[in-house]
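These notes concern the structure reproduced below.
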Amino acid sequence: MNLKDKYIEFFVSKGHKQIPSAPVVPENDPSVLFNTAGMQPLIPYLMGEPHPYGNRLVDYQKCIRTNDLDEVGDKTHHTFFEMLGNWSLGDYFKNESINYSFEFLTKVLNIPVSRLAVTVYSGDDKVPFDQEAYDLWLSLGISKGHIASTKEDNFWAAGETGPCGTDTEIFYFRSEEEVPEVFDTEDDRWVEIWNNVFMQFNRKQDGTIEYLPKKNVDTGMGYERVLAVLEGKNDNYESSLWTDVIELIEKISSKPYKGNEKSIRIIADHIRTAVFIASDDAGIKPSNKDQGYILRRLIRRAIRHAKKLGIDINSSWERDIALLIIEKYKKYYEELDRNKDVVLEVLKSEKEKFNKTLEKGLREFEKKSDKDIDADTAFHLYDTFGFPIELTLELANEKGLNVDIEGFNKKFKEHQELSRTASVGKFKGGLAGNSEIETKYHTATHLLNAALKITVNKDIHQMGSNITDERMRFDFNCDHKLTPDEIKATEDLVNKWISEGLSVHKEEMKKEDALKIGAECRFIEKYPDIVTVYFIGDVSKELCGGPHVSNTSEIGHFKIKKEEASSQGVRRIKAIIE
Ligand code: SER
């Protein structure tokens, strides 16, 4: 059994419910482009909202971090990773959390206690030294020398505001050498493998900290890293997780991994992440904005490295790699198989687009590379030849040249008029803002979903949704472009319901009862026995975590701004409330 399955099985045996991985593109959270940690989709529940699956949860979550995109190529960086996590929402706290982790590591994974070390919170004037965690580790047999304490590294927060707390981190000694008696956090033979956060605080906007309604536990274990560590590999890409992908790239390029590590790792990592982004039900396509731009950069950088390895770009190399990745992961993420054709098409068409300008762009770069690359040249390479900045940077690095990145960024911003939500902060992660306006959009989304079933087709369902405080986006299955009459009828119906001042309330009920009353829901099979259903008058009932307005009259006037294709058989509506 593999590590992922062992992890889930262990925590299920300890009374945890397995929850499905959330999409990589967060639904209704405009503050981040991608889920960057396992706990991110759980923020409302860590803040106190009851979770429909209960208060002991376990999962593996697809995560994407692209803030260090240019570092991918070394032994340890990935843009996509899976995070294994278990949570207590106001149920157990430090004692069980530490005991479970210890039992899993030493009894299930059979790691000798002597190879483990931990850190605990050292304390400051507000939050004291974590004596309880210290004593628990000691009682389990971790020697005093293997327990260190720090302040900065033992306090975890997802962002500037929101749930946070002290943590205890678990390290594994990855080396053939003798295990030192004293654990030194600076000694990189010790690798962090697991983080248990005791999430009992909420950091407010003004920086002050208050207690959350309940004491939670949030743990996270990076799957790829732990796998490599346990297999004794220093290079994550040499772990068993990657063997088949690396071998395939070796075969396609007729180049061995040794000596070509950087390009092979970049192709492996970037194609995998592109597959996960493109397969997400959010329907992301390569573009020059937000998630679409990340997708574009990943594919283009992979193409450039494929070219560097001498791969014939016009062959089906990207398809073959993508198919292998889909095959490997589809057992865990069914959307990969379901959206396989979309993924392959996204990769192929982006490849064809970039391939047209890549050669010319490279020649242009050669011409200009007798000196450092100024902002105009970098921007010209981007604008005319579609070179993402990290590609220019990489080419420059290879020649020992500098690039005026600041100048480029300025030009890029001017040119793009990047929307507020695509600002740098968004790439770093942060917390969901459930502002008043977003809450209104949330309820309007349910109304739109209900209206389309009446005005267009009763079999319409939501395929994706995204809300910012400026607009809502709603994807739904539909085989035709909506006619102007259908659009008008839909808009009118939503506005009629708004003007009727329908009340909104939620009820918790058994899944089978929700099904019986015909509550709207996607993937009902993934839900637990008890679910939350939001009712809007008698026009809508839908499974949802909220939040919603309490009366539709609070929403304002609803207007459809755009109706367009999203992907095969999926249409997209962009709408605002005024
Ligand atoms: N949230 C913590 C982390 O990401 C533990 O899951 O490390």
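Letters A, B, ... mark the chains of the structure tokens in the order given; residue numbers begin at 1 per chain; ligand numbers begin at 1, in order shown.
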
Using only C-alpha atoms and all ligand atoms, find each protein or nucleic acid residue lying at most 10 Å from ligand 1; present the set as a PDB file with all heavy atoms, in the first residue's frame.
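In the end it all went to selection.pdb:
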ATOM      1  N   THR A  36      -2.822  26.651  -1.696  1.00  0.00           N
ATOM      2  CA  THR A  36      -1.391  26.479  -1.458  1.00  0.00           C
ATOM      3  C   THR A  36      -1.115  25.584  -0.261  1.00  0.00           C
ATOM      4  O   THR A  36       0.027  25.263   0.010  1.00  0.00           O
ATOM      5  CB  THR A  36      -0.713  27.838  -1.208  1.00  0.00           C
ATOM      6  OG1 THR A  36      -1.392  28.464  -0.120  1.00  0.00           O
ATOM      7  CG2 THR A  36      -0.780  28.724  -2.425  1.00  0.00           C
ATOM      8  N   ALA A  37      -2.144  25.197   0.481  1.00  0.00           N
ATOM      9  CA  ALA A  37      -1.946  24.300   1.625  1.00  0.00           C
ATOM     10  C   ALA A  37      -3.218  23.498   1.851  1.00  0.00           C
ATOM     11  O   ALA A  37      -4.308  23.920   1.473  1.00  0.00           O
ATOM     12  CB  ALA A  37      -1.608  25.097   2.886  1.00  0.00           C
ATOM     13  N   GLY A  38      -3.044  22.356   2.496  1.00  0.00           N
ATOM     14  CA  GLY A  38      -4.185  21.481   2.723  1.00  0.00           C
ATOM     15  C   GLY A  38      -5.289  22.154   3.525  1.00  0.00           C
ATOM     16  O   GLY A  38      -6.465  21.862   3.354  1.00  0.00           O
ATOM     17  N   MET A  39      -4.879  23.062   4.426  1.00  0.00           N
ATOM     18  CA  MET A  39      -5.890  23.650   5.303  1.00  0.00           C
ATOM     19  C   MET A  39      -6.681  24.776   4.651  1.00  0.00           C
ATOM     20  O   MET A  39      -7.705  25.198   5.159  1.00  0.00           O
ATOM     21  CB  MET A  39      -5.256  24.155   6.606  1.00  0.00           C
ATOM     22  CG  MET A  39      -4.105  25.123   6.477  1.00  0.00           C
ATOM     23  SD  MET A  39      -4.550  26.822   6.039  1.00  0.00           S
ATOM     24  CE  MET A  39      -5.295  27.340   7.574  1.00  0.00           C
ATOM     25  N   GLN A  40      -6.196  25.251   3.516  1.00  0.00           N
ATOM     26  CA  GLN A  40      -6.824  26.444   2.932  1.00  0.00           C
ATOM     27  C   GLN A  40      -8.337  26.305   2.686  1.00  0.00           C
ATOM     28  O   GLN A  40      -9.099  27.179   3.073  1.00  0.00           O
ATOM     29  CB  GLN A  40      -6.118  26.815   1.652  1.00  0.00           C
ATOM     30  CG  GLN A  40      -6.275  28.283   1.389  1.00  0.00           C
ATOM     31  CD  GLN A  40      -5.076  28.831   0.674  1.00  0.00           C
ATOM     32  OE1 GLN A  40      -3.987  28.293   0.762  1.00  0.00           O
ATOM     33  NE2 GLN A  40      -5.264  29.879  -0.037  1.00  0.00           N
ATOM     34  N   MET A  83      -0.592  17.515  -0.247  1.00  0.00           N
ATOM     35  CA  MET A  83      -0.378  17.623   1.186  1.00  0.00           C
ATOM     36  C   MET A  83      -1.314  16.666   1.909  1.00  0.00           C
ATOM     37  O   MET A  83      -2.523  16.680   1.685  1.00  0.00           O
ATOM     38  CB  MET A  83      -0.609  19.056   1.642  1.00  0.00           C
ATOM     39  CG  MET A  83       0.083  19.354   2.945  1.00  0.00           C
ATOM     40  SD  MET A  83      -0.200  21.032   3.487  1.00  0.00           S
ATOM     41  CE  MET A  83       1.367  21.767   3.180  1.00  0.00           C
ATOM     42  N   LEU A  84      -0.711  15.805   2.714  1.00  0.00           N
ATOM     43  CA  LEU A  84      -1.517  14.917   3.535  1.00  0.00           C
ATOM     44  C   LEU A  84      -1.850  15.674   4.815  1.00  0.00           C
ATOM     45  O   LEU A  84      -0.963  16.305   5.398  1.00  0.00           O
ATOM     46  CB  LEU A  84      -0.721  13.653   3.880  1.00  0.00           C
ATOM     47  CG  LEU A  84      -0.122  12.882   2.702  1.00  0.00           C
ATOM     48  CD1 LEU A  84       0.763  11.746   3.201  1.00  0.00           C
ATOM     49  CD2 LEU A  84      -1.228  12.329   1.826  1.00  0.00           C
ATOM     50  N   GLY A  85      -3.089  15.626   5.237  1.00  0.00           N
ATOM     51  CA  GLY A  85      -3.445  16.390   6.438  1.00  0.00           C
ATOM     52  C   GLY A  85      -4.509  15.708   7.259  1.00  0.00           C
ATOM     53  O   GLY A  85      -5.360  14.983   6.737  1.00  0.00           O
ATOM     54  N   ASN A  86      -4.419  15.898   8.570  1.00  0.00           N
ATOM     55  CA  ASN A  86      -5.529  15.484   9.437  1.00  0.00           C
ATOM     56  C   ASN A  86      -5.892  16.660  10.331  1.00  0.00           C
ATOM     57  O   ASN A  86      -5.044  17.466  10.686  1.00  0.00           O
ATOM     58  CB  ASN A  86      -5.177  14.238  10.248  1.00  0.00           C
ATOM     59  CG  ASN A  86      -4.007  14.430  11.177  1.00  0.00           C
ATOM     60  OD1 ASN A  86      -2.852  14.365  10.758  1.00  0.00           O
ATOM     61  ND2 ASN A  86      -4.285  14.681  12.440  1.00  0.00           N
ATOM     62  N   TRP A  87      -7.182  16.757  10.635  1.00  0.00           N
ATOM     63  CA  TRP A  87      -7.675  17.908  11.390  1.00  0.00           C
ATOM     64  C   TRP A  87      -8.588  17.495  12.524  1.00  0.00           C
ATOM     65  O   TRP A  87      -9.355  16.536  12.391  1.00  0.00           O
ATOM     66  CB  TRP A  87      -8.483  18.855  10.473  1.00  0.00           C
ATOM     67  CG  TRP A  87      -7.608  19.553   9.499  1.00  0.00           C
ATOM     68  CD1 TRP A  87      -6.958  20.744   9.674  1.00  0.00           C
ATOM     69  CD2 TRP A  87      -7.249  19.097   8.191  1.00  0.00           C
ATOM     70  NE1 TRP A  87      -6.212  21.038   8.561  1.00  0.00           N
ATOM     71  CE2 TRP A  87      -6.377  20.052   7.639  1.00  0.00           C
ATOM     72  CE3 TRP A  87      -7.575  17.979   7.443  1.00  0.00           C
ATOM     73  CZ2 TRP A  87      -5.824  19.922   6.378  1.00  0.00           C
ATOM     74  CZ3 TRP A  87      -7.028  17.829   6.176  1.00  0.00           C
ATOM     75  CH2 TRP A  87      -6.162  18.790   5.650  1.00  0.00           C
ATOM     76  N   PHE A 155       5.422  28.885  14.899  1.00  0.00           N
ATOM     77  CA  PHE A 155       4.128  29.575  14.896  1.00  0.00           C
ATOM     78  C   PHE A 155       3.671  29.600  13.451  1.00  0.00           C
ATOM     79  O   PHE A 155       4.390  30.086  12.576  1.00  0.00           O
ATOM     80  CB  PHE A 155       4.262  31.001  15.450  1.00  0.00           C
ATOM     81  CG  PHE A 155       2.929  31.599  15.803  1.00  0.00           C
ATOM     82  CD1 PHE A 155       2.414  31.470  17.089  1.00  0.00           C
ATOM     83  CD2 PHE A 155       2.173  32.263  14.841  1.00  0.00           C
ATOM     84  CE1 PHE A 155       1.165  31.984  17.413  1.00  0.00           C
ATOM     85  CE2 PHE A 155       0.917  32.775  15.161  1.00  0.00           C
ATOM     86  CZ  PHE A 155       0.414  32.646  16.447  1.00  0.00           C
ATOM     87  N   TRP A 156       2.511  29.045  13.177  1.00  0.00           N
ATOM     88  CA  TRP A 156       2.080  28.927  11.779  1.00  0.00           C
ATOM     89  C   TRP A 156       0.789  29.708  11.540  1.00  0.00           C
ATOM     90  O   TRP A 156      -0.151  29.627  12.310  1.00  0.00           O
ATOM     91  CB  TRP A 156       1.854  27.466  11.399  1.00  0.00           C
ATOM     92  CG  TRP A 156       1.917  27.257   9.916  1.00  0.00           C
ATOM     93  CD1 TRP A 156       3.032  26.964   9.179  1.00  0.00           C
ATOM     94  CD2 TRP A 156       0.829  27.346   8.975  1.00  0.00           C
ATOM     95  NE1 TRP A 156       2.700  26.865   7.841  1.00  0.00           N
ATOM     96  CE2 TRP A 156       1.362  27.101   7.686  1.00  0.00           C
ATOM     97  CE3 TRP A 156      -0.520  27.621   9.086  1.00  0.00           C
ATOM     98  CZ2 TRP A 156       0.582  27.105   6.530  1.00  0.00           C
ATOM     99  CZ3 TRP A 156      -1.307  27.638   7.931  1.00  0.00           C
ATOM    100  CH2 TRP A 156      -0.745  27.384   6.673  1.00  0.00           C
ATOM    101  N   ALA A 157       0.786  30.470  10.460  1.00  0.00           N
ATOM    102  CA  ALA A 157      -0.408  31.220  10.067  1.00  0.00           C
ATOM    103  C   ALA A 157      -0.525  31.146   8.564  1.00  0.00           C
ATOM    104  O   ALA A 157       0.474  31.178   7.853  1.00  0.00           O
ATOM    105  CB  ALA A 157      -0.276  32.671  10.511  1.00  0.00           C
ATOM    106  N   ALA A 158      -1.764  31.070   8.086  1.00  0.00           N
ATOM    107  CA  ALA A 158      -1.952  30.955   6.637  1.00  0.00           C
ATOM    108  C   ALA A 158      -1.755  32.290   5.949  1.00  0.00           C
ATOM    109  O   ALA A 158      -1.441  32.358   4.775  1.00  0.00           O
ATOM    110  CB  ALA A 158      -3.342  30.427   6.334  1.00  0.00           C
ATOM    111  N   PRO A 163      -6.936  32.124  11.062  1.00  0.00           N
ATOM    112  CA  PRO A 163      -6.559  31.137  12.069  1.00  0.00           C
ATOM    113  C   PRO A 163      -5.052  30.888  12.106  1.00  0.00           C
ATOM    114  O   PRO A 163      -4.398  30.855  11.066  1.00  0.00           O
ATOM    115  CB  PRO A 163      -7.302  29.872  11.618  1.00  0.00           C
ATOM    116  CG  PRO A 163      -7.613  30.065  10.188  1.00  0.00           C
ATOM    117  CD  PRO A 163      -7.735  31.539   9.972  1.00  0.00           C
ATOM    118  N   CYS A 164      -4.526  30.723  13.289  1.00  0.00           N
ATOM    119  CA  CYS A 164      -3.078  30.516  13.432  1.00  0.00           C
ATOM    120  C   CYS A 164      -2.814  29.876  14.790  1.00  0.00           C
ATOM    121  O   CYS A 164      -3.717  29.763  15.613  1.00  0.00           O
ATOM    122  CB  CYS A 164      -2.334  31.840  13.299  1.00  0.00           C
ATOM    123  SG  CYS A 164      -2.909  33.126  14.411  1.00  0.00           S
ATOM    124  N   GLY A 165      -1.581  29.486  15.008  1.00  0.00           N
ATOM    125  CA  GLY A 165      -1.260  28.899  16.306  1.00  0.00           C
ATOM    126  C   GLY A 165       0.168  28.393  16.369  1.00  0.00           C
ATOM    127  O   GLY A 165       0.877  28.366  15.365  1.00  0.00           O
ATOM    128  N   ASP A 167       3.058  25.541  16.770  1.00  0.00           N
ATOM    129  CA  ASP A 167       3.075  24.204  16.184  1.00  0.00           C
ATOM    130  C   ASP A 167       4.243  23.398  16.712  1.00  0.00           C
ATOM    131  O   ASP A 167       5.114  23.917  17.428  1.00  0.00           O
ATOM    132  CB  ASP A 167       3.100  24.278  14.650  1.00  0.00           C
ATOM    133  CG  ASP A 167       4.375  24.894  14.088  1.00  0.00           C
ATOM    134  OD1 ASP A 167       5.398  24.911  14.790  1.00  0.00           O
ATOM    135  OD2 ASP A 167       4.352  25.360  12.937  1.00  0.00           O
ATOM    136  N   THR A 168       4.210  22.119  16.386  1.00  0.00           N
ATOM    137  CA  THR A 168       5.362  21.274  16.671  1.00  0.00           C
ATOM    138  C   THR A 168       5.736  20.615  15.353  1.00  0.00           C
ATOM    139  O   THR A 168       4.871  20.093  14.646  1.00  0.00           O
ATOM    140  CB  THR A 168       5.066  20.259  17.802  1.00  0.00           C
ATOM    141  OG1 THR A 168       6.218  19.475  18.035  1.00  0.00           O
ATOM    142  CG2 THR A 168       3.896  19.334  17.497  1.00  0.00           C
ATOM    143  N   GLU A 169       6.997  20.721  14.988  1.00  0.00           N
ATOM    144  CA  GLU A 169       7.427  20.160  13.701  1.00  0.00           C
ATOM    145  C   GLU A 169       8.242  18.891  13.941  1.00  0.00           C
ATOM    146  O   GLU A 169       9.028  18.823  14.888  1.00  0.00           O
ATOM    147  CB  GLU A 169       8.273  21.188  12.939  1.00  0.00           C
ATOM    148  CG  GLU A 169       7.451  22.395  12.520  1.00  0.00           C
ATOM    149  CD  GLU A 169       8.224  23.338  11.596  1.00  0.00           C
ATOM    150  OE1 GLU A 169       9.473  23.388  11.677  1.00  0.00           O
ATOM    151  OE2 GLU A 169       7.575  24.022  10.803  1.00  0.00           O
ATOM    152  N   ILE A 193       9.397  16.769   8.181  1.00  0.00           N
ATOM    153  CA  ILE A 193       8.448  15.930   7.451  1.00  0.00           C
ATOM    154  C   ILE A 193       6.990  16.188   7.808  1.00  0.00           C
ATOM    155  O   ILE A 193       6.089  15.809   7.073  1.00  0.00           O
ATOM    156  CB  ILE A 193       8.748  14.411   7.613  1.00  0.00           C
ATOM    157  CG1 ILE A 193       8.854  14.024   9.093  1.00  0.00           C
ATOM    158  CG2 ILE A 193       9.998  14.028   6.839  1.00  0.00           C
ATOM    159  CD1 ILE A 193       8.918  12.514   9.305  1.00  0.00           C
ATOM    160  N   TRP A 194       6.737  16.804   8.952  1.00  0.00           N
ATOM    161  CA  TRP A 194       5.323  16.940   9.353  1.00  0.00           C
ATOM    162  C   TRP A 194       5.193  18.144  10.271  1.00  0.00           C
ATOM    163  O   TRP A 194       6.087  18.408  11.086  1.00  0.00           O
ATOM    164  CB  TRP A 194       4.902  15.672  10.111  1.00  0.00           C
ATOM    165  CG  TRP A 194       3.441  15.346  10.095  1.00  0.00           C
ATOM    166  CD1 TRP A 194       2.409  16.157   9.756  1.00  0.00           C
ATOM    167  CD2 TRP A 194       2.861  14.086  10.455  1.00  0.00           C
ATOM    168  NE1 TRP A 194       1.223  15.483   9.864  1.00  0.00           N
ATOM    169  CE2 TRP A 194       1.459  14.209  10.291  1.00  0.00           C
ATOM    170  CE3 TRP A 194       3.370  12.860  10.890  1.00  0.00           C
ATOM    171  CZ2 TRP A 194       0.585  13.146  10.552  1.00  0.00           C
ATOM    172  CZ3 TRP A 194       2.494  11.822  11.144  1.00  0.00           C
ATOM    173  CH2 TRP A 194       1.111  11.959  10.972  1.00  0.00           C
ATOM    174  N   ASN A 195       4.099  18.825  10.115  1.00  0.00           N
ATOM    175  CA  ASN A 195       3.855  20.000  10.941  1.00  0.00           C
ATOM    176  C   ASN A 195       2.490  19.872  11.606  1.00  0.00           C
ATOM    177  O   ASN A 195       1.488  19.732  10.918  1.00  0.00           O
ATOM    178  CB  ASN A 195       3.895  21.257  10.036  1.00  0.00           C
ATOM    179  CG  ASN A 195       3.798  22.531  10.819  1.00  0.00           C
ATOM    180  OD1 ASN A 195       3.905  22.523  12.050  1.00  0.00           O
ATOM    181  ND2 ASN A 195       3.598  23.640  10.125  1.00  0.00           N
ATOM    182  N   ASN A 196       2.474  19.878  12.927  1.00  0.00           N
ATOM    183  CA  ASN A 196       1.189  19.833  13.647  1.00  0.00           C
ATOM    184  C   ASN A 196       0.939  21.207  14.249  1.00  0.00           C
ATOM    185  O   ASN A 196       1.668  21.642  15.136  1.00  0.00           O
ATOM    186  CB  ASN A 196       1.232  18.820  14.790  1.00  0.00           C
ATOM    187  CG  ASN A 196       1.341  17.390  14.300  1.00  0.00           C
ATOM    188  OD1 ASN A 196       1.794  17.152  13.182  1.00  0.00           O
ATOM    189  ND2 ASN A 196       0.940  16.449  15.126  1.00  0.00           N
ATOM    190  N   VAL A 197      -0.092  21.882  13.728  1.00  0.00           N
ATOM    191  CA  VAL A 197      -0.380  23.240  14.205  1.00  0.00           C
ATOM    192  C   VAL A 197      -1.528  23.181  15.204  1.00  0.00           C
ATOM    193  O   VAL A 197      -2.574  22.580  14.923  1.00  0.00           O
ATOM    194  CB  VAL A 197      -0.774  24.175  13.033  1.00  0.00           C
ATOM    195  CG1 VAL A 197      -0.936  25.609  13.532  1.00  0.00           C
ATOM    196  CG2 VAL A 197       0.254  24.116  11.908  1.00  0.00           C
ATOM    197  N   PHE A 198      -1.323  23.804  16.348  1.00  0.00           N
ATOM    198  CA  PHE A 198      -2.378  23.856  17.360  1.00  0.00           C
ATOM    199  C   PHE A 198      -3.110  25.178  17.180  1.00  0.00           C
ATOM    200  O   PHE A 198      -2.764  26.197  17.758  1.00  0.00           O
ATOM    201  CB  PHE A 198      -1.768  23.691  18.753  1.00  0.00           C
ATOM    202  CG  PHE A 198      -0.909  22.453  18.847  1.00  0.00           C
ATOM    203  CD1 PHE A 198       0.442  22.533  19.185  1.00  0.00           C
ATOM    204  CD2 PHE A 198      -1.448  21.208  18.534  1.00  0.00           C
ATOM    205  CE1 PHE A 198       1.229  21.394  19.228  1.00  0.00           C
ATOM    206  CE2 PHE A 198      -0.668  20.062  18.576  1.00  0.00           C
ATOM    207  CZ  PHE A 198       0.676  20.151  18.922  1.00  0.00           C
ATOM    208  N   MET A 199      -4.109  25.107  16.319  1.00  0.00           N
ATOM    209  CA  MET A 199      -4.753  26.323  15.852  1.00  0.00           C
ATOM    210  C   MET A 199      -5.835  26.782  16.800  1.00  0.00           C
ATOM    211  O   MET A 199      -6.980  26.367  16.694  1.00  0.00           O
ATOM    212  CB  MET A 199      -5.359  26.045  14.480  1.00  0.00           C
ATOM    213  CG  MET A 199      -4.760  26.923  13.440  1.00  0.00           C
ATOM    214  SD  MET A 199      -5.220  26.422  11.833  1.00  0.00           S
ATOM    215  CE  MET A 199      -3.797  27.015  10.956  1.00  0.00           C
ATOM    216  N   VAL A 217      -6.768  21.336  15.572  1.00  0.00           N
ATOM    217  CA  VAL A 217      -5.449  20.852  15.146  1.00  0.00           C
ATOM    218  C   VAL A 217      -5.437  20.821  13.623  1.00  0.00           C
ATOM    219  O   VAL A 217      -6.406  20.380  12.999  1.00  0.00           O
ATOM    220  CB  VAL A 217      -5.158  19.437  15.685  1.00  0.00           C
ATOM    221  CG1 VAL A 217      -3.865  18.893  15.092  1.00  0.00           C
ATOM    222  CG2 VAL A 217      -5.079  19.438  17.199  1.00  0.00           C
ATOM    223  N   ASP A 218      -4.357  21.324  13.041  1.00  0.00           N
ATOM    224  CA  ASP A 218      -4.196  21.314  11.584  1.00  0.00           C
ATOM    225  C   ASP A 218      -2.832  20.726  11.300  1.00  0.00           C
ATOM    226  O   ASP A 218      -1.823  21.277  11.722  1.00  0.00           O
ATOM    227  CB  ASP A 218      -4.276  22.761  11.062  1.00  0.00           C
ATOM    228  CG  ASP A 218      -3.511  22.967   9.775  1.00  0.00           C
ATOM    229  OD1 ASP A 218      -3.599  22.106   8.886  1.00  0.00           O
ATOM    230  OD2 ASP A 218      -2.818  24.007   9.658  1.00  0.00           O
ATOM    231  N   THR A 219      -2.782  19.585  10.636  1.00  0.00           N
ATOM    232  CA  THR A 219      -1.447  19.048  10.341  1.00  0.00           C
ATOM    233  C   THR A 219      -1.219  18.963   8.842  1.00  0.00           C
ATOM    234  O   THR A 219      -2.165  18.858   8.063  1.00  0.00           O
ATOM    235  CB  THR A 219      -1.206  17.641  10.958  1.00  0.00           C
ATOM    236  OG1 THR A 219      -1.593  16.648  10.006  1.00  0.00           O
ATOM    237  CG2 THR A 219      -1.934  17.468  12.263  1.00  0.00           C
ATOM    238  N   GLY A 220       0.022  19.011   8.441  1.00  0.00           N
ATOM    239  CA  GLY A 220       0.342  18.929   7.025  1.00  0.00           C
ATOM    240  C   GLY A 220       1.651  18.188   6.806  1.00  0.00           C
ATOM    241  O   GLY A 220       2.642  18.409   7.506  1.00  0.00           O
ATOM    242  N   MET A 221       1.618  17.276   5.834  1.00  0.00           N
ATOM    243  CA  MET A 221       2.808  16.479   5.498  1.00  0.00           C
ATOM    244  C   MET A 221       2.958  16.516   3.982  1.00  0.00           C
ATOM    245  O   MET A 221       2.029  16.120   3.258  1.00  0.00           O
ATOM    246  CB  MET A 221       2.567  15.051   5.991  1.00  0.00           C
ATOM    247  CG  MET A 221       3.750  14.137   5.852  1.00  0.00           C
ATOM    248  SD  MET A 221       3.213  12.433   6.090  1.00  0.00           S
ATOM    249  CE  MET A 221       3.856  12.083   7.685  1.00  0.00           C
ATOM    250  N   GLY A 222       4.062  17.013   3.501  1.00  0.00           N
ATOM    251  CA  GLY A 222       4.282  17.109   2.055  1.00  0.00           C
ATOM    252  C   GLY A 222       4.589  15.722   1.497  1.00  0.00           C
ATOM    253  O   GLY A 222       5.614  15.122   1.825  1.00  0.00           O
TER     254      GLY A 222
END

If you count only C-alpha atoms, which residues fall within 6 Å of stretch 397-407 of chain A, apart from same-chain ones fewer than 3 positions away, as a PDB file with N, CA, C and O atoms, in the first residue's frame?
ATOM      1  N   ASP A 372      23.622  43.173 -20.923  1.00  0.00           N
ATOM      2  CA  ASP A 372      22.488  42.884 -20.036  1.00  0.00           C
ATOM      3  C   ASP A 372      21.165  43.194 -20.741  1.00  0.00           C
ATOM      4  O   ASP A 372      21.100  44.081 -21.590  1.00  0.00           O
ATOM      5  N   ILE A 373      20.120  42.483 -20.330  1.00  0.00           N
ATOM      6  CA  ILE A 373      18.821  42.639 -21.003  1.00  0.00           C
ATOM      7  C   ILE A 373      18.037  43.764 -20.328  1.00  0.00           C
ATOM      8  O   ILE A 373      17.697  43.672 -19.138  1.00  0.00           O
ATOM      9  N   ASP A 374      17.754  44.833 -21.088  1.00  0.00           N
ATOM     10  CA  ASP A 374      17.010  45.945 -20.487  1.00  0.00           C
ATOM     11  C   ASP A 374      15.505  45.660 -20.526  1.00  0.00           C
ATOM     12  O   ASP A 374      15.039  44.687 -21.127  1.00  0.00           O
ATOM     13  N   ALA A 375      14.749  46.550 -19.872  1.00  0.00           N
ATOM     14  CA  ALA A 375      13.303  46.327 -19.730  1.00  0.00           C
ATOM     15  C   ALA A 375      12.610  46.273 -21.086  1.00  0.00           C
ATOM     16  O   ALA A 375      11.716  45.454 -21.298  1.00  0.00           O
ATOM     17  N   LEU A 393      14.742  35.359 -18.194  1.00  0.00           N
ATOM     18  CA  LEU A 393      15.687  35.311 -17.073  1.00  0.00           C
ATOM     19  C   LEU A 393      16.601  34.101 -17.169  1.00  0.00           C
ATOM     20  O   LEU A 393      17.813  34.187 -16.967  1.00  0.00           O
ATOM     21  N   GLU A 394      15.988  32.981 -17.498  1.00  0.00           N
ATOM     22  CA  GLU A 394      16.742  31.745 -17.571  1.00  0.00           C
ATOM     23  C   GLU A 394      17.766  31.793 -18.708  1.00  0.00           C
ATOM     24  O   GLU A 394      18.921  31.406 -18.536  1.00  0.00           O
ATOM     25  N   LYS A 410       7.224  46.830 -14.420  1.00  0.00           N
ATOM     26  CA  LYS A 410       6.507  48.096 -14.534  1.00  0.00           C
ATOM     27  C   LYS A 410       5.765  48.142 -15.887  1.00  0.00           C
ATOM     28  O   LYS A 410       4.577  48.436 -15.955  1.00  0.00           O
TER      29      LYS A 410
END

Write down as a PyMOL selection string the residues of stretch 399-571 of chain A whose backbone DSSP state falls under alpha helix (DSSP H). chain A and resi 405-416+424-428+436-455+484-499+511-516

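Running DSSP on the backbone and keeping only strand (DSSP E or B), the residues of stretch 286-493 of chain A that qualify are Ile373, Val403, Gln462, Met463, Gly464, Ser465, Asn466, Ile467, Met472, Arg473, Phe474, Asp475, Phe476 and Asn477 of chain A.
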
Rank nothing, just name the residue among A:Ser279, A:Gln18, A:Thr392, A:Ser503 nearest to A:Lys340, using only C-alpha atoms. A:Ser279

Tell me, as a ChimeraX atom specification, which residues lie within 10 Å of stretch 231-240 of chain A, counting only C-alpha atoms; anything in the same chain fewer than 5 positions away does not count. /A:73-78,173-176,189,224-226,245-246,257,261,264-265,268-269

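Neighbouring residues of stretch 126-136 of chain A at 10 Å or closer, counting only C-alpha atoms and skipping chain neighbours under 4 positions away, are Lys94, Asn95, Glu96, Ser97, Ile98, Asn99, Val118, Thr119, Val120, Tyr121, Ser122, Leu140, Gly141, Ile142, Lys144, Ile147, Ala148, Ser149, Thr150, Lys151, Asn154, Gly165, Thr166, Asp167, Thr168 and Ile209 of chain A.
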
Using only C-alpha atoms, can you tell me which of A:Phe365, A:Phe34, A:Trp190, A:Phe476 comes closest to A:Thr273? A:Phe34

Neighbours of stretch 480-489 of chain A within 12 Å (only C-alpha atoms; same-chain residues fewer than 3 positions away dropped), as a VMD selection string? chain A and resid 448 451 to 457 460 476 to 477 492 to 496 558 to 575

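You will find atom CA of A:Glu500 at 19.5 Å from atom CA of A:Ile437.
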
Fewer than 5 positions away in the same chain doesn't count, so skip those; otherwise give me all residues within 10 Å of stretch 318-328 of chain A, counting only C-alpha atoms, as an NGL selection string. :A and (241-242 or 244-246 or 248-249 or 252 or 267-268 or 271-276 or 279 or 299 or 302-303 or 306 or 313 or 333-337 or 339-340 or 343-345 or 347-348 or 351)

Would you mind listing what lies within 6 Å of A:His146 as a compact mmCIF listing (two decimals) with C-alpha atoms, in the first residue's frame, with only C-alpha atoms counted and same-chain residues fewer than 2 positions away left out?
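Writing done, so here's part-v3.txt:
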# COMPACT_ATOMS: atom_id res chain seq x y z
CA ALA A 117 13.50 14.92 16.32
CA SER A 143 15.21 12.15 23.91
CA LYS A 144 15.75 15.60 25.42
CA VAL A 182 21.77 16.71 19.82
CA PHE A 183 19.35 17.85 17.15
